[in-house]
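Visitor: File upload.csv below, CSV, C-alpha atoms:
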```
chain,number,residue,atom,x,y,z
U,1,MET,CA,-23.6,204.2,54.5
U,2,LYS,CA,-26.1,207.1,54.3
U,3,ALA,CA,-29.7,205.9,54.6
U,4,THR,CA,-31.7,206.5,51.4
U,5,LYS,CA,-35.2,207.8,51.6
U,6,ILE,CA,-37.5,206.5,48.9
U,7,PHE,CA,-40.7,208.2,47.8
U,8,ILE,CA,-42.5,205.8,45.6
U,9,LEU,CA,-44.5,207.5,42.9
U,10,ALA,CA,-46.8,204.6,42.1
U,11,CYS,CA,-48.7,204.4,38.9
U,12,LEU,CA,-50.6,201.1,39.2
U,13,LEU,CA,-52.5,201.7,36.0
U,14,MET,CA,-53.7,198.1,35.5
U,15,ILE,CA,-57.1,197.0,34.4
U,16,GLY,CA,-57.8,193.3,33.7
U,17,GLY,CA,-54.1,192.6,34.2
U,18,GLN,CA,-53.1,194.9,31.3
U,19,ALA,CA,-51.7,198.4,31.3
U,20,PHE,CA,-54.5,200.8,30.5
U,21,SER,CA,-54.0,204.3,29.1
U,22,GLN,CA,-56.6,207.0,29.9
U,23,ASN,CA,-58.4,209.1,27.4
U,24,GLY,CA,-61.7,210.9,27.0
U,25,THR,CA,-63.5,207.5,26.7
U,26,ASN,CA,-61.8,206.0,29.8
U,27,PRO,CA,-60.6,208.9,31.9
U,28,PHE,CA,-59.1,208.7,35.4
U,29,VAL,CA,-60.7,210.4,38.3
U,30,ASN,CA,-59.5,214.0,38.7
U,31,SER,CA,-58.5,214.2,35.0
U,32,THR,CA,-60.0,216.7,32.5
U,33,HIS,CA,-60.8,215.9,28.9
U,34,THR,CA,-62.2,217.8,25.9
U,35,TYR,CA,-65.2,216.7,23.9
U,36,THR,CA,-66.0,218.3,20.5
U,37,VAL,CA,-68.6,218.3,17.7
U,38,THR,CA,-69.1,220.1,14.5
U,39,PRO,CA,-72.5,221.8,14.6
U,40,GLY,CA,-75.0,221.3,11.8
U,41,ASP,CA,-75.4,225.1,11.5
U,42,ALA,CA,-73.3,227.9,13.0
U,43,GLY,CA,-76.4,229.6,14.4
U,44,ASN,CA,-77.7,226.6,16.3
U,45,THR,CA,-77.8,226.4,20.1
U,46,LEU,CA,-75.7,223.7,21.7
U,47,VAL,CA,-76.1,222.5,25.2
U,48,TRP,CA,-73.9,220.0,26.9
U,49,SER,CA,-74.8,217.7,29.8
U,50,VAL,CA,-73.6,214.6,31.7
U,51,LEU,CA,-76.0,211.7,32.2
U,52,ILE,CA,-75.7,208.2,33.8
U,53,ALA,CA,-75.8,205.0,31.8
U,54,ASP,CA,-79.4,205.0,30.8
U,55,GLY,CA,-78.8,208.2,28.8
U,56,LEU,CA,-81.9,209.8,30.4
U,57,THR,CA,-81.0,210.6,34.0
U,58,ALA,CA,-78.7,213.5,34.9
U,59,ALA,CA,-75.6,212.6,36.8
U,60,ASP,CA,-75.0,214.0,40.2
U,61,ALA,CA,-73.5,217.5,39.9
U,62,GLY,CA,-70.6,216.6,42.2
U,63,ASP,CA,-69.5,213.8,39.9
U,64,PHE,CA,-68.1,216.2,37.3
U,65,ASP,CA,-67.3,219.8,36.5
U,66,ILE,CA,-68.2,221.1,33.1
U,67,VAL,CA,-66.8,224.2,31.4
U,68,THR,CA,-67.9,225.2,28.0
U,69,ASN,CA,-65.1,226.5,25.8
U,70,GLY,CA,-67.4,227.5,23.0
U,71,ASN,CA,-70.6,225.9,21.7
U,72,ALA,CA,-68.9,223.1,19.9
U,73,THR,CA,-66.3,222.2,22.6
U,74,VAL,CA,-66.5,221.4,26.2
U,75,ASP,CA,-64.0,220.4,28.9
U,76,ILE,CA,-65.2,218.0,31.6
U,77,LYS,CA,-63.3,217.2,34.8
U,78,TRP,CA,-64.3,213.8,36.1
U,79,ASN,CA,-64.6,213.7,39.9
U,80,LYS,CA,-66.0,210.2,40.6
U,81,ALA,CA,-65.1,206.8,39.3
U,82,ASN,CA,-67.8,204.4,38.1
U,83,ASP,CA,-69.2,202.1,40.7
U,84,ALA,CA,-71.9,199.5,41.2
U,85,THR,CA,-74.6,202.1,40.8
U,86,ILE,CA,-73.1,203.9,37.8
U,87,VAL,CA,-72.0,201.6,35.1
U,88,ASN,CA,-70.9,204.4,32.9
U,89,TYR,CA,-71.6,208.1,32.2
U,90,VAL,CA,-72.9,209.6,29.0
U,91,VAL,CA,-71.8,213.0,27.7
U,92,GLN,CA,-74.7,214.4,25.8
U,93,LEU,CA,-75.0,217.3,23.3
U,94,SER,CA,-78.3,218.9,22.4
U,95,GLU,CA,-78.3,220.9,19.2
U,96,GLU,CA,-81.4,223.1,18.6
U,97,SER,CA,-82.0,224.8,15.2
U,98,ALA,CA,-83.6,228.1,14.6
U,99,ASN,CA,-86.9,226.4,13.9
U,100,GLY,CA,-86.9,224.7,17.3
U,101,CYS,CA,-86.0,221.2,16.3
U,102,PHE,CA,-83.5,219.2,18.2
U,103,THR,CA,-80.8,216.6,17.5
U,104,LEU,CA,-79.1,214.7,20.4
U,105,ARG,CA,-75.6,213.2,20.4
U,106,GLN,CA,-74.4,210.9,23.2
U,107,PHE,CA,-70.9,209.6,24.0
U,108,PRO,CA,-70.4,206.8,26.7
U,109,VAL,CA,-67.6,207.4,29.3
U,110,THR,CA,-66.2,205.0,31.8
U,111,VAL,CA,-64.4,206.8,34.6
U,112,GLN,CA,-61.5,204.7,36.1
U,113,ALA,CA,-60.5,204.9,39.8
U,114,ASN,CA,-57.3,206.9,39.9
U,115,THR,CA,-54.5,204.7,41.4
U,116,PHE,CA,-51.7,207.1,40.7
U,117,TYR,CA,-50.4,208.3,44.0
U,118,LEU,CA,-47.4,209.4,46.0
U,119,ALA,CA,-46.2,207.2,48.9
U,120,ALA,CA,-43.3,207.4,51.3
U,121,SER,CA,-40.9,204.8,52.7
U,122,GLU,CA,-40.0,204.5,56.4
U,123,ASP,CA,-38.2,207.2,58.4
U,124,GLY,CA,-34.5,206.8,59.1
U,125,ASN,CA,-31.4,207.9,60.8
U,126,GLU,CA,-27.8,208.6,59.6
U,127,CYS,CA,-24.6,210.1,60.8
U,128,HIS,CA,-23.3,213.5,59.8
U,129,ASP,CA,-21.0,213.5,56.7
U,130,GLU,CA,-18.1,214.4,59.0
U,131,ASP,CA,-18.5,211.1,60.9
U,132,GLY,CA,-15.1,209.7,61.7
U,133,ASN,CA,-13.2,212.9,60.8
U,134,ILE,CA,-11.1,215.2,62.9
U,135,ILE,CA,-13.3,218.3,63.5
U,136,ALA,CA,-13.4,221.1,66.0
U,137,LEU,CA,-15.8,220.8,69.0
U,138,GLY,CA,-19.0,222.6,68.1
U,139,ALA,CA,-18.1,223.1,64.5
U,140,SER,CA,-20.9,224.2,62.1
U,141,LEU,CA,-20.5,222.1,59.0
U,142,ALA,CA,-22.5,220.9,56.0
U,143,THR,CA,-24.0,217.5,55.5
U,144,THR,CA,-26.3,216.1,52.8
U,145,VAL,CA,-29.3,213.9,53.0
U,146,ASP,CA,-30.5,212.0,50.0
U,147,PHE,CA,-34.1,211.2,49.0
U,148,THR,CA,-35.3,209.4,45.9
U,149,VAL,CA,-38.5,210.0,44.0
U,150,THR,CA,-39.4,206.9,42.0
U,151,ILE,CA,-42.1,206.2,39.4
U,152,ASP,CA,-43.1,202.6,40.1
U,153,ASN,CA,-44.7,201.4,36.8
U,154,ALA,CA,-42.2,200.7,34.0
U,155,THR,CA,-44.9,200.1,31.4
U,156,PHE,CA,-46.7,203.3,32.2
U,157,LEU,CA,-43.3,205.1,32.4
U,158,LEU,CA,-42.7,204.4,28.7
U,159,ASN,CA,-45.9,206.3,27.8
U,160,LEU,CA,-45.2,209.4,29.7
U,161,THR,CA,-44.0,212.7,28.4
U,162,THR,CA,-43.0,214.0,31.8
U,163,TRP,CA,-44.0,213.6,35.5
U,164,GLU,CA,-44.1,216.4,38.0
U,165,PHE,CA,-44.3,217.0,41.7
U,166,ASP,CA,-43.9,219.8,44.3
U,167,LEU,CA,-41.4,219.6,47.2
U,168,ALA,CA,-41.4,221.1,50.6
U,169,PHE,CA,-38.7,220.8,53.4
U,170,GLY,CA,-38.8,221.3,57.1
U,171,LEU,CA,-36.1,221.3,59.8
U,172,VAL,CA,-36.5,220.4,63.5
U,173,GLY,CA,-33.5,222.0,65.2
U,174,THR,CA,-31.0,224.7,64.4
U,175,TYR,CA,-29.7,223.6,61.0
U,176,SER,CA,-30.3,225.6,57.8
U,177,ILE,CA,-30.8,224.5,54.2
U,178,ASN,CA,-27.9,225.5,51.9
U,179,GLU,CA,-28.9,223.8,48.7
U,180,VAL,CA,-31.4,221.5,47.1
U,181,LYS,CA,-30.6,219.4,44.0
U,182,VAL,CA,-33.0,217.3,41.9
U,183,GLY,CA,-31.2,214.8,39.6
U,184,GLY,CA,-28.0,216.7,40.2
U,185,ASN,CA,-29.5,220.1,39.2
U,186,ILE,CA,-29.9,222.9,41.7
U,187,VAL,CA,-33.5,224.0,42.3
U,188,THR,CA,-34.6,227.0,44.2
U,189,ALA,CA,-37.6,227.7,46.4
U,190,PRO,CA,-40.5,227.4,46.0
U,191,TYR,CA,-39.8,223.9,44.8
U,192,ASN,CA,-42.9,223.6,42.7
U,193,SER,CA,-43.7,221.8,39.4
U,194,ILE,CA,-40.4,220.0,39.3
U,195,SER,CA,-40.5,218.2,35.9
U,196,ILE,CA,-38.8,214.8,35.3
U,197,ASP,CA,-38.4,213.3,31.8
U,198,GLY,CA,-40.9,210.5,31.1
U,199,GLY,CA,-38.1,208.0,30.4
U,200,VAL,CA,-36.5,208.5,33.8
U,201,GLU,CA,-37.6,206.0,36.4
U,202,ASN,CA,-36.2,207.7,39.5
U,203,VAL,CA,-34.5,210.9,40.6
U,204,THR,CA,-32.4,211.8,43.6
U,205,VAL,CA,-33.3,214.8,45.7
U,206,SER,CA,-30.2,215.9,47.7
U,207,VAL,CA,-30.7,218.4,50.5
U,208,LYS,CA,-27.5,220.0,52.0
U,209,VAL,CA,-27.9,221.5,55.5
U,210,THR,CA,-25.5,223.2,57.8
U,211,GLY,CA,-25.4,223.1,61.6
U,212,ASN,CA,-23.5,222.1,64.8
U,213,VAL,CA,-22.2,218.6,64.2
U,214,GLN,CA,-22.8,217.9,67.9
U,215,THR,CA,-26.5,218.6,67.5
U,216,ALA,CA,-29.0,216.2,66.1
U,217,GLU,CA,-31.3,217.4,63.3
U,218,THR,CA,-34.4,216.0,61.7
U,219,VAL,CA,-35.0,216.9,58.0
U,220,THR,CA,-38.4,216.3,56.6
U,221,MET,CA,-39.4,216.3,52.9
U,222,THR,CA,-43.0,216.4,51.7
U,223,VAL,CA,-43.9,215.4,48.1
U,224,SER,CA,-47.2,216.6,46.8
U,225,ASN,CA,-49.2,217.5,43.6
U,226,GLY,CA,-48.0,214.5,41.6
U,227,LYS,CA,-48.8,214.7,37.9
U,228,ALA,CA,-48.3,212.1,35.2
U,229,ILE,CA,-48.3,213.8,31.8
U,230,LYS,CA,-48.7,212.2,28.4
U,231,GLY,CA,-49.0,214.8,25.6
U,232,THR,CA,-51.9,217.1,26.7
U,233,THR,CA,-53.3,214.5,29.1
U,234,VAL,CA,-52.6,215.1,32.8
U,235,ASN,CA,-53.3,212.5,35.4
U,236,LEU,CA,-53.4,214.0,38.9
U,237,ASP,CA,-52.4,212.3,42.1
U,238,ASN,CA,-55.3,210.7,43.9
U,239,ASP,CA,-54.3,212.2,47.3
U,240,SER,CA,-53.8,208.9,49.1
U,241,GLY,CA,-50.7,207.7,50.9
U,242,ASP,CA,-48.2,209.2,53.3
U,243,ARG,CA,-46.2,212.0,51.8
U,244,VAL,CA,-44.1,213.2,54.7
U,245,GLN,CA,-40.8,211.6,55.3
U,246,ALA,CA,-38.3,212.3,58.1
U,247,LEU,CA,-34.6,211.7,58.2
U,248,THR,CA,-32.6,212.4,61.4
U,249,ILE,CA,-28.9,213.4,61.3
U,250,ASN,CA,-27.5,211.9,64.5
U,251,ALA,CA,-25.2,214.1,66.7
U,252,LEU,CA,-21.5,213.3,66.6
U,253,PRO,CA,-19.9,212.7,70.0
U,254,GLY,CA,-18.8,216.0,71.7
U,255,THR,CA,-15.3,214.8,72.5
U,256,THR,CA,-13.0,217.6,73.9
U,257,GLU,CA,-9.5,218.2,72.6
U,258,ILE,CA,-6.8,215.8,74.0
U,259,THR,CA,-4.9,217.2,77.0
U,260,THR,CA,-1.9,215.9,78.8
U,261,ASP,CA,-0.4,216.0,82.2
```
Starting from the coordinates I provided, produce the structure as structure tokens.

Guide:
Amino acid sequence: MKATKIFILACLLMIGGQAFSQNGTNPFVNSTHTYTVTPGDAGNTLVWSVLIADGLTAADAGDFDIVTNGNATVDIKWNKANDATIVNYVVQLSEESANGCFTLRQFPVTVQANTFYLAASEDGNECHDEDGNIIALGASLATTVDFTVTIDNATFLLNLTTWEFDLAFGLVGTYSINEVKVGGNIVTAPYNSISIDGGVENVTVSVKVTGNVQTAETVTMTVSNGKAIKGTTVNLDNDSGDRVQALTINALPGTTEITTD
């Protein structure tokens, strides 16, 4: 039986034992969220900032990235989860009127550690698809190796619109890649932003290669840039875990043709 390679797309989004959905109040690390107000007057000056829990002290600049989309709206990318020293962050808006008077608005934010990641199972070996068949010595024939990309949290899966990832392949030997299929559909290089329906728990990635059946070949597959998407919310992979997996196609015996006396 052909060895199956499993890449576990793990979304262990559990807080206090219950599945927890992220939003602008409880964002995950590496996610971006939008914060909006309606100004008291169109001519007022609006300034956004990020503070720590006391609502007075500025948060470290590296903890977030802030991009203003217009005075009344801001996008904030959260780069660091809350820890023992930062109970929560505070998004603050300062609105200054033409007469120099100010109004402040504050919004508490608790940034969750991002446990969404890509992980790979063990390496493996398998025989060429022509194993056990009558073939010419030194024949160059096709064989297929199958990988599986799996999302590992059924509760979170139900909440997803789609999930995405990038693929890259490498060969150690003389074989060449003929075809790559994801979920039975042919995809072409570069294999980027492959989108899987949120209701699908796993998808098979089949890689067809061609080469000398008497030559061993190692096929590697790298999965990266994982994204879990719910509506307009995108949760990025947290960059932990092994993403490179290797599958070796063993060489078939180089038996000569039968001769007789």

Visitor: Excluding Thr57 (chain U) and any residue of its chain fewer than 2 positions from it, enumerate the residues within 12 Å of it, using all atoms listed in the file, and give them as a PyMOL selection string.

Guide: chain U and resi 49-55+59-61+86+88-92

Visitor: Could the residues in this selection be written to a file with C-alpha atoms, as a compact mmCIF listing (two decimals), keeping the file's coordinate frame?

Guide:
```txt
# COMPACT_ATOMS: atom_id res chain seq x y z
CA SER U 49 -74.80 217.70 29.80
CA VAL U 50 -73.60 214.60 31.70
CA LEU U 51 -76.00 211.70 32.20
CA ILE U 52 -75.70 208.20 33.80
CA ALA U 53 -75.80 205.00 31.80
CA ASP U 54 -79.40 205.00 30.80
CA GLY U 55 -78.80 208.20 28.80
CA ALA U 59 -75.60 212.60 36.80
CA ASP U 60 -75.00 214.00 40.20
CA ALA U 61 -73.50 217.50 39.90
CA ILE U 86 -73.10 203.90 37.80
CA ASN U 88 -70.90 204.40 32.90
CA TYR U 89 -71.60 208.10 32.20
CA VAL U 90 -72.90 209.60 29.00
CA VAL U 91 -71.80 213.00 27.70
CA GLN U 92 -74.70 214.40 25.80
```

Visitor: Figure out the distance between CA of Gly226 (chain U) and CA of Val205 (chain U), please, to one decimal in Å.

Guide: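 CA of Val205 (chain U) sits 15.3 Å away from CA of Gly226 (chain U).
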
Visitor: Write out as number ranges by chain the residues lying within 7 Å of region 157-173 of chain U, counting only C-alpha atoms and excluding same-chain residues fewer than 5 positions away.

Guide: U: 191-199, 217-231

Visitor: Could you list, as an mmCIF file with C-alpha atoms, in the frame of the given file, every residue within 7 Å of Asn26 (chain U), counting only C-alpha atoms and ignoring same-chain residues fewer than 5 positions away?

Guide:
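Output saved as part22.cif:
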```cif
data_model
loop_
_atom_site.group_PDB
_atom_site.id
_atom_site.type_symbol
_atom_site.label_atom_id
_atom_site.label_comp_id
_atom_site.auth_asym_id
_atom_site.auth_seq_id
_atom_site.Cartn_x
_atom_site.Cartn_y
_atom_site.Cartn_z
ATOM 1 C CA VAL U 109 -67.600 207.400 29.300
ATOM 2 C CA THR U 110 -66.200 205.000 31.800
ATOM 3 C CA VAL U 111 -64.400 206.800 34.600
ATOM 4 C CA GLN U 112 -61.500 204.700 36.100
#
```

Visitor: Check the smallest atom-to-atom distance from each of U:Phe147, U:Trp78, U:Phe102, U:Phe64 to Glu122 (chain U) using all atoms listed in the file, then report the winner.

Guide: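 For Glu122 (chain U), the nearest of the candidates is U:Phe147.
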
Visitor: With all atoms listed in the file as the atoms that count, which of U:Val145, U:Ala81, U:Ala113, U:Val203 lies nearest to Glu179 (chain U)?

Guide: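 For Glu179 (chain U), the nearest of the given residues is U:Val145.
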
Visitor: Give me, please, the distance in Å between CA of Ala42 (chain U) and CA of Ile76 (chain U), quoted to one decimal.

Guide: 22.6 Å

Visitor: Restricting the calculation to all atoms listed in the file: of U:Val37, U:Val67, U:Thr210, U:Asn30, which residue gets closest to Ala139 (chain U)?

Guide: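 Checking each candidate against Ala139 (chain U), we get U:Thr210 as the closest.
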
Visitor: For a quick check of understanding, using all atoms listed in the file, which of U:Asn212, U:Thr45, U:Asn125, U:Asn79 has the smallest distance to Leu93 (chain U)?

Guide: U:Thr45

Visitor: Go through U:Asn82, U:Thr144, U:Asn235, U:Thr38 one by one, measure the shortest atom-to-atom distance of each to Thr248 (chain U) using only C-alpha atoms, and give the residue with the smallest value.

Guide: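 The answer is U:Thr144, which sits nearest to Thr248 (chain U).
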
Visitor: Ranking U:Asn202, U:Ser176, U:Thr233, U:Gln214 by minimum distance to Thr34 (chain U) and counting all atoms listed in the file, which one comes first?

Guide: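 Of all the options, U:Thr233 lies closest to Thr34 (chain U).
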
Visitor: In Å, how far is it from CA of Val47 (chain U) to CA of Asn71 (chain U)?

Guide: 7.4 Å
